[in-house]
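Below is one structure, written out as C-alpha cells, with a few remarks after it.
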Amino acid sequence: MRSLKRAGAEGIALILATVVFLVPFSFMILTAVKDDVQSADLDFAWPANWPIVANFIEVIEARDHILLRAFVNSIILTVASVTLIVIAGAMAAFVLQRRPGRVGAVANFLVLTGLIVPPAVVPTIWLLQAIGLFKTLPGLVLVEVAFGLAYAMLLFRAFIAAIPRELDQAAMIDGCGGLSLFFRVIFPLLRPVTITVILTSSVKVFNDFVNPLYFLPGDDNATVQVTLYNFQSQYSTQWNLLFMDIVLITIPPLLAFVFFNRKIVAGMTAGSIKG
Amino acid sequence: MTKHARPPTRNKSPYPYWLYLPAGAVFLLIFLVPTGLAFYFSLTRWTLFDSTFVGLDNFRDFLAEQNLRVGFQNTLFYAVVTSGLKVVLGLGLGVLLTGRMRLRGFLRAVVFFPVLVSTVAVGITFSALLRPDTGLVNKALAVVGVSGPDWLGDATTALLSVGLVDVWAGVGLATVIYIAGILSIPTDYYQAVAVDGGTAWHRFRHVTLPLSWPATYSVIILSLIGGLRSFEFVWTMTRGGPGFSSDVIASIIYKQYQAGFFGLSTAGNVLLFLIVTALVLPLNHFLGKRQVT
C-alpha cells in the first residue's frame with residue numbers, strides 16, 4: 001500500500017518536472033518550424049506547414065548574414081578567451097598551490113575577490129578606451145579572461161593539490177624548473193580538469209550577454225547573444241524566425257551537453273562546493 | 001631535448017612567481033584597476049573625457065530618487081526569493097533524483113539543461129509563454145478556470161515573474177550540487193535510521209537535511225551572489241518595467257550608462273559592490289563555521 005502511494009507521488013513529481021522543463025523547450029522548437037502566420041499564435045499546436053529550411057535560410061540571410069558573422073565572432077571570442085583562461089589560470093594555480101606564503105595569501109584573496117566582486121563597468125570601458133581596445137574583439141577577450149580566471153584557478157588548484165610534489169622534485173633533478181616543469185610535467189597531467197575548465201568556460205563565454213553588450217556594442221562585431229537580443233525587437237511579428245534563431249544558438253551548448261554532460265556537471269559542482 | 005644552462009641555480013624556487021604574470025596582469029588591468037577607479041569616479045560627474053568632483057551627490061541621488069531607490073529593494077527581494085526557492089526546490093529535486101526511480105538519469109539531464117541555455121534565449125521564450133492573452137501559461141490556467149495576470153506587464157507581478165524564470169533556469173545547478181552532497185552521505189546513517197524503524201521523514205529530517213549542509217551553504221552563497229548581480233533576465237524580459245517596478249541595481253547601472261550618466265552609473269556599481277560584500281562575506285563566515293568538510 002505504502003509503496004503504491006510512493007509510486008504515485010513519484011509519478012506526479014515526474015510528470016510535473018517533465019512538463020515544467022520540457023514544455024518550454026518543445027515550444028521553442030515547435031515555433032521555430034512553423035510558418036510566420038501560425039507562429040504568431042504562440043500556442044502549442046502542431047505545425048500546419050513545416051518551412052524548416054525556409055526559416056533557416058531566412059534567419060541566416062537576414063540583415064546581410066549578420067548571424068553568420070556573429071557566429072564567427074562568438075567562436076573566435078570563445079576559443080581565444082578559453083585558451084588564455086586555461087593557460088594563464090593553470091600556471092597561476094600551480095604556483096598558488098605549490099608555494100604558500102605572503103604572495104600566495106594575496107593571490108588567494110584575489111581569487112576570492114574575483115569570484116564575489118561585481119565588475120565595475122564604466123571604469124572598465126574607460127580603461128579599455130584608454131588603451132585602444134574598447135569595441136574590439138581583443139578587448140572583450142581580455143574582459144572575459146579577467147572575469148573567468150578566478151573560477152578556473154579554483155578548479156585547477158584543487159586538482160594540482162592531488163599531484164604529488166615528488167614528481168616536481170624528480171623533474172627538477174632532470175633539470176626542469178619553472179616554465180619547463182610546468183609545461184612538460186604538470187600541464188599534461190591536468191588533462192581531466194583542463195577539459196572540465198574548457199567546457200564550463202566555453203559555455204559561459206559563448207552564452208555571455210552582459211559583457212558583449214557593454215564592451216562590444218555595434219552590429220558589425222556583435223556576438224550571437226547580442227544578435228538574438230536585437231532580433232527580439234526586429235522580429236516582433238515573425239516569431240518563427242526569432243525562435244529559429246534561438247534554436248540555432250542553443251545547438252552548441254546542447255552538443256557540449258550531450259557529449260560531456262558528466263564533465264560539465266562535475267566542473268560546476270566542484271567549483272561551487274569549494275567556493 | 002636540450003637542457004637548460006647547466007647548474008640550475010640552487011636557491012631559485014622551482015615555482016617562480018612570474019608564473020603568476022599572465023593571469024595577474026590581465027586581472028590587475030581589467031579587474032582590479034577599474035574596481036579601484038570606480039571608487040573615485042563614483043564621486044564625480046563624469047563624461048569619460050573629463051570629470052568634476054561632486055562628492056557624495058551621486059550616492060545621495062541613488063538613495064533619494066524613488067526610481068533609483070526601488071532598485072535596492074528589488075535587488076534584495078530578487079536575491080532572497082531566488083536563493084530561497086533554489087534551496088528548497090534544489091533540495092527537493094536532489095532528494096527525488098537520488099531516490100530509486102526509473103528515468104532518474106533522464107530527469108537529471110532535463111532539470112540541468114536550462115543551466116546551459118543562454119539567458120537571452122530563456123528570457124525571450126518566457127516572454128512569449130507569459131504573455132497575458134496568448135501566452136501558454138495563461139491559456140493553461142484558463143483551462144482550469146483561473147484567469148492569469150499579465151505576468152510581466154503588471155507592476156505587482158513583474159519582478160516576481162522574472163525571479164521565477166531565473167529559478168527555472170538556475171535550479172538545475174542547485175539540484176546537481178545537492179545530488180553531489182546527498183550522494184556523499186555515508187549509507188550507515190540511513191541504515192541506523194532504518195534499524196530504529198524511522199520513516200522516510202525521519203531519514204530526511206535527521207540525516208539528509210543536516211548532512212547535506214555543505215551543499216546548502218554552496219547553493220545559498222552562489223545564488224545570492226548571482227541574484228544580487230542579476231541583470232540578464234530582467235533586461236531581456238521587462239527592461240526594468242513597467243515603469244521602474246522591476247528595476248534592479250544592475251539594470252539601473254546599465255540605464256544610467258546608456259543615458260550618459262557615467263558617474264551615477266559607477267556609483268551604482270560601488271553600491272552593488274558594498275551590498276554584495278556586506279551580505280556575502282558575513283554570511284560566508286557564519287555559514288562556513290557550520291560547514292563539515
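Identifiers in this document derive from the order of the C-alpha cells: chains are assigned A, B, ..., residues are numbered from 1 separately in each chain, and ligands are numbered from 1 in order of occurrence.
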
Give me, as a tab-separated table, the closest atom pair and its distance (Å, one decimal) for every residue of chain B within a cut-off of 7 Å of chain A, counting only C-alpha atoms, rows sorted by chain and rising number.
```
residue	atom	partner	partner_atom	distance
B:Lys3	CA	A:Gly175	CA	6.8
B:His4	CA	A:Gly175	CA	6.9
B:Pro8	CA	A:Gly175	CA	6.8
B:Pro14	CA	A:Gly177	CA	4.9
B:Tyr15	CA	A:Gly178	CA	5.5
B:Pro16	CA	A:Gly178	CA	5.8
B:Tyr17	CA	A:Val95	CA	6.8
B:Leu19	CA	A:Met91	CA	5.6
B:Tyr20	CA	A:Ala92	CA	4.6
B:Pro22	CA	A:Ala88	CA	5.6
B:Ala23	CA	A:Ala88	CA	5.0
B:Val26	CA	A:Ala146	CA	5.7
B:Phe27	CA	A:Ala146	CA	4.8
B:Ile30	CA	A:Ala146	CA	6.2
B:Phe31	CA	A:Ala146	CA	6.3
B:Pro34	CA	A:Pro123	CA	4.9
B:Thr35	CA	A:Ala120	CA	5.3
B:Leu37	CA	A:Pro123	CA	6.3
B:Ala38	CA	A:Pro123	CA	5.9
B:Leu48	CA	A:Trp126	CA	6.3
B:Val110	CA	A:Phe21	CA	6.6
B:Val111	CA	A:Phe21	CA	6.5
B:Leu116	CA	A:Pro253	CA	6.1
B:Val117	CA	A:Thr250	CA	6.1
B:Ser118	CA	A:Asn207	CA	4.8
B:Val120	CA	A:Tyr229	CA	6.6
B:Ala121	CA	A:Ile246	CA	5.7
B:Thr125	CA	A:Met28	CA	6.8
B:Ala128	CA	A:Leu42	CA	6.9
B:Thr134	CA	A:Leu42	CA	6.6
B:Gly135	CA	A:Leu42	CA	6.6
B:Leu136	CA	A:Asp43	CA	6.1
B:Val176	CA	A:Thr269	CA	6.8
B:Ile177	CA	A:Thr269	CA	5.3
B:Ala215	CA	A:Ile273	CA	6.7
B:Ser218	CA	A:Ile273	CA	5.5
B:Ile225	CA	A:Ile116	CA	6.7
B:Arg229	CA	A:Pro118	CA	6.9
B:Glu232	CA	A:Val210	CA	6.8
B:Phe262	CA	A:Val122	CA	6.6
B:Thr266	CA	A:Val122	CA	6.3
B:Asn269	CA	A:Ala120	CA	5.8
B:Phe273	CA	A:Pro118	CA	6.0
```

*Taking the DSSP assignment computed from this structure's backbone, write out as a ChimeraX atom specification all residues of stretch 156-280 of chain B that belong to helix (DSSP H, G or I).*
/B:158-183,187-195,200-211,213-229,232-237,249-258,262-280

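A straight line drawn from atom CA of A:Trp50 to atom CA of A:Ala32 is 9.4 Å long.
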
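For the pair atom CA of A:Val72 and atom CA of A:Asn55, the interatomic distance is 20.4 Å.
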
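Atom CA of B:Val115 is positioned 16.3 Å from atom CA of B:Leu224.
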
*asked:* Just want the 9 Å neighbourhood of A:Arg69, counted on only C-alpha atoms, with same-chain residues fewer than 4 positions away dropped. Output as a PyMOL selection string.
replied: chain A and resi 65+73-74+220-224

Restricting it to N, CA and C atoms, dump the selection as a PDB file, in the first residue's frame.
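Generated output (part_0.pdb):
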```pdb
ATOM      1  N   HIS A  65      23.405  38.537 -43.605  1.00  0.00           N
ATOM      2  CA  HIS A  65      24.098  37.421 -42.944  1.00  0.00           C
ATOM      3  C   HIS A  65      24.704  37.796 -41.587  1.00  0.00           C
ATOM      4  N   ASN A  73      32.256  35.606 -34.816  1.00  0.00           N
ATOM      5  CA  ASN A  73      32.749  36.402 -33.686  1.00  0.00           C
ATOM      6  C   ASN A  73      32.685  35.624 -32.380  1.00  0.00           C
ATOM      7  N   SER A  74      31.558  34.972 -32.150  1.00  0.00           N
ATOM      8  CA  SER A  74      31.397  34.242 -30.896  1.00  0.00           C
ATOM      9  C   SER A  74      32.403  33.112 -30.788  1.00  0.00           C
ATOM     10  N   ASP A 220      28.406  45.394 -36.265  1.00  0.00           N
ATOM     11  CA  ASP A 220      29.443  44.758 -37.051  1.00  0.00           C
ATOM     12  C   ASP A 220      30.090  43.586 -36.347  1.00  0.00           C
ATOM     13  N   ASN A 221      30.346  43.780 -35.063  1.00  0.00           N
ATOM     14  CA  ASN A 221      31.050  42.709 -34.365  1.00  0.00           C
ATOM     15  C   ASN A 221      30.212  42.114 -33.244  1.00  0.00           C
ATOM     16  N   ALA A 222      28.890  42.110 -33.450  1.00  0.00           N
ATOM     17  CA  ALA A 222      28.006  41.550 -32.426  1.00  0.00           C
ATOM     18  C   ALA A 222      28.287  40.062 -32.249  1.00  0.00           C
ATOM     19  N   THR A 223      28.088  39.589 -31.019  1.00  0.00           N
ATOM     20  CA  THR A 223      28.149  38.150 -30.784  1.00  0.00           C
ATOM     21  C   THR A 223      26.735  37.588 -30.917  1.00  0.00           C
ATOM     22  N   VAL A 224      26.616  36.262 -30.902  1.00  0.00           N
ATOM     23  CA  VAL A 224      25.302  35.666 -31.167  1.00  0.00           C
ATOM     24  C   VAL A 224      24.255  36.109 -30.148  1.00  0.00           C
TER      25      VAL A 224
END
```

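Excluding B:Gly226 itself and any same-chain residue fewer than 5 positions from it, the protein and nucleic acid residues within 9 Å of it, counting only C-alpha atoms, are Ala79, Ser83 and Ile221 of chain B.
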
*asked:* Can you pull out the residues contacting B:Val162? Cut-off 10 Å, using only C-alpha atoms, and skip same-chain residues under 6 positions away; I want them as a list in words.
replied: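 Non-adjacent residues within range: Tyr78, Thr82, Gly123, Phe126, Ser127, Trp151, Leu152, Trp168, Phe233, Val234, Trp235, Thr236, Met237, Thr238 and Ser246 of chain B.
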
Take the residues just selected and output them with N, CA, C and O atoms as a PDB file, in the first residue's frame.
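In the end it all went to part_34.pdb:
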```pdb
ATOM      1  N   TYR B  78      14.718  40.161  -4.956  1.00  0.00           N
ATOM      2  CA  TYR B  78      15.038  39.211  -6.012  1.00  0.00           C
ATOM      3  C   TYR B  78      16.054  38.177  -5.528  1.00  0.00           C
ATOM      4  O   TYR B  78      15.870  36.972  -5.695  1.00  0.00           O
ATOM      5  N   THR B  82      14.942  34.284  -5.033  1.00  0.00           N
ATOM      6  CA  THR B  82      15.520  33.266  -5.916  1.00  0.00           C
ATOM      7  C   THR B  82      16.406  32.294  -5.134  1.00  0.00           C
ATOM      8  O   THR B  82      16.333  31.094  -5.351  1.00  0.00           O
ATOM      9  N   GLY B 123      14.984  34.094 -21.656  1.00  0.00           N
ATOM     10  CA  GLY B 123      14.177  35.292 -21.438  1.00  0.00           C
ATOM     11  C   GLY B 123      13.157  35.499 -22.537  1.00  0.00           C
ATOM     12  O   GLY B 123      11.978  35.735 -22.264  1.00  0.00           O
ATOM     13  N   PHE B 126      10.344  32.831 -22.390  1.00  0.00           N
ATOM     14  CA  PHE B 126       9.351  33.033 -21.343  1.00  0.00           C
ATOM     15  C   PHE B 126       8.550  34.312 -21.535  1.00  0.00           C
ATOM     16  O   PHE B 126       7.399  34.377 -21.092  1.00  0.00           O
ATOM     17  N   SER B 127       9.124  35.323 -22.220  1.00  0.00           N
ATOM     18  CA  SER B 127       8.277  36.484 -22.514  1.00  0.00           C
ATOM     19  C   SER B 127       7.109  36.056 -23.391  1.00  0.00           C
ATOM     20  O   SER B 127       6.017  36.594 -23.276  1.00  0.00           O
ATOM     21  N   TRP B 151       1.652  38.679 -16.362  1.00  0.00           N
ATOM     22  CA  TRP B 151       2.821  38.388 -15.523  1.00  0.00           C
ATOM     23  C   TRP B 151       3.905  39.451 -15.584  1.00  0.00           C
ATOM     24  O   TRP B 151       4.358  39.949 -14.559  1.00  0.00           O
ATOM     25  N   LEU B 152       4.342  39.766 -16.826  1.00  0.00           N
ATOM     26  CA  LEU B 152       5.481  40.678 -16.956  1.00  0.00           C
ATOM     27  C   LEU B 152       5.047  42.122 -17.144  1.00  0.00           C
ATOM     28  O   LEU B 152       5.851  43.039 -17.034  1.00  0.00           O
ATOM     29  N   TRP B 168      13.693  28.830 -12.573  1.00  0.00           N
ATOM     30  CA  TRP B 168      13.527  27.751 -13.557  1.00  0.00           C
ATOM     31  C   TRP B 168      14.857  27.436 -14.228  1.00  0.00           C
ATOM     32  O   TRP B 168      15.246  26.281 -14.383  1.00  0.00           O
ATOM     33  N   PHE B 233      18.167  38.433 -17.045  1.00  0.00           N
ATOM     34  CA  PHE B 233      16.752  38.081 -17.133  1.00  0.00           C
ATOM     35  C   PHE B 233      15.877  39.324 -17.055  1.00  0.00           C
ATOM     36  O   PHE B 233      14.918  39.477 -17.801  1.00  0.00           O
ATOM     37  N   VAL B 234      16.222  40.225 -16.140  1.00  0.00           N
ATOM     38  CA  VAL B 234      15.451  41.462 -16.024  1.00  0.00           C
ATOM     39  C   VAL B 234      15.494  42.212 -17.343  1.00  0.00           C
ATOM     40  O   VAL B 234      14.473  42.654 -17.868  1.00  0.00           O
ATOM     41  N   TRP B 235      16.676  42.309 -17.912  1.00  0.00           N
ATOM     42  CA  TRP B 235      16.820  43.126 -19.104  1.00  0.00           C
ATOM     43  C   TRP B 235      16.126  42.509 -20.312  1.00  0.00           C
ATOM     44  O   TRP B 235      15.534  43.205 -21.116  1.00  0.00           O
ATOM     45  N   THR B 236      16.182  41.198 -20.478  1.00  0.00           N
ATOM     46  CA  THR B 236      15.556  40.606 -21.655  1.00  0.00           C
ATOM     47  C   THR B 236      14.040  40.473 -21.499  1.00  0.00           C
ATOM     48  O   THR B 236      13.340  40.379 -22.494  1.00  0.00           O
ATOM     49  N   MET B 237      13.527  40.468 -20.276  1.00  0.00           N
ATOM     50  CA  MET B 237      12.082  40.254 -20.156  1.00  0.00           C
ATOM     51  C   MET B 237      11.285  41.517 -19.879  1.00  0.00           C
ATOM     52  O   MET B 237      10.183  41.673 -20.387  1.00  0.00           O
ATOM     53  N   THR B 238      11.798  42.412 -19.042  1.00  0.00           N
ATOM     54  CA  THR B 238      10.995  43.602 -18.714  1.00  0.00           C
ATOM     55  C   THR B 238      11.740  44.913 -18.926  1.00  0.00           C
ATOM     56  O   THR B 238      11.125  45.966 -18.920  1.00  0.00           O
ATOM     57  N   SER B 246      10.405  46.778 -11.925  1.00  0.00           N
ATOM     58  CA  SER B 246      11.249  45.586 -11.796  1.00  0.00           C
ATOM     59  C   SER B 246      12.723  45.930 -12.010  1.00  0.00           C
ATOM     60  O   SER B 246      13.527  45.055 -12.329  1.00  0.00           O
TER      61      SER B 246
END
```
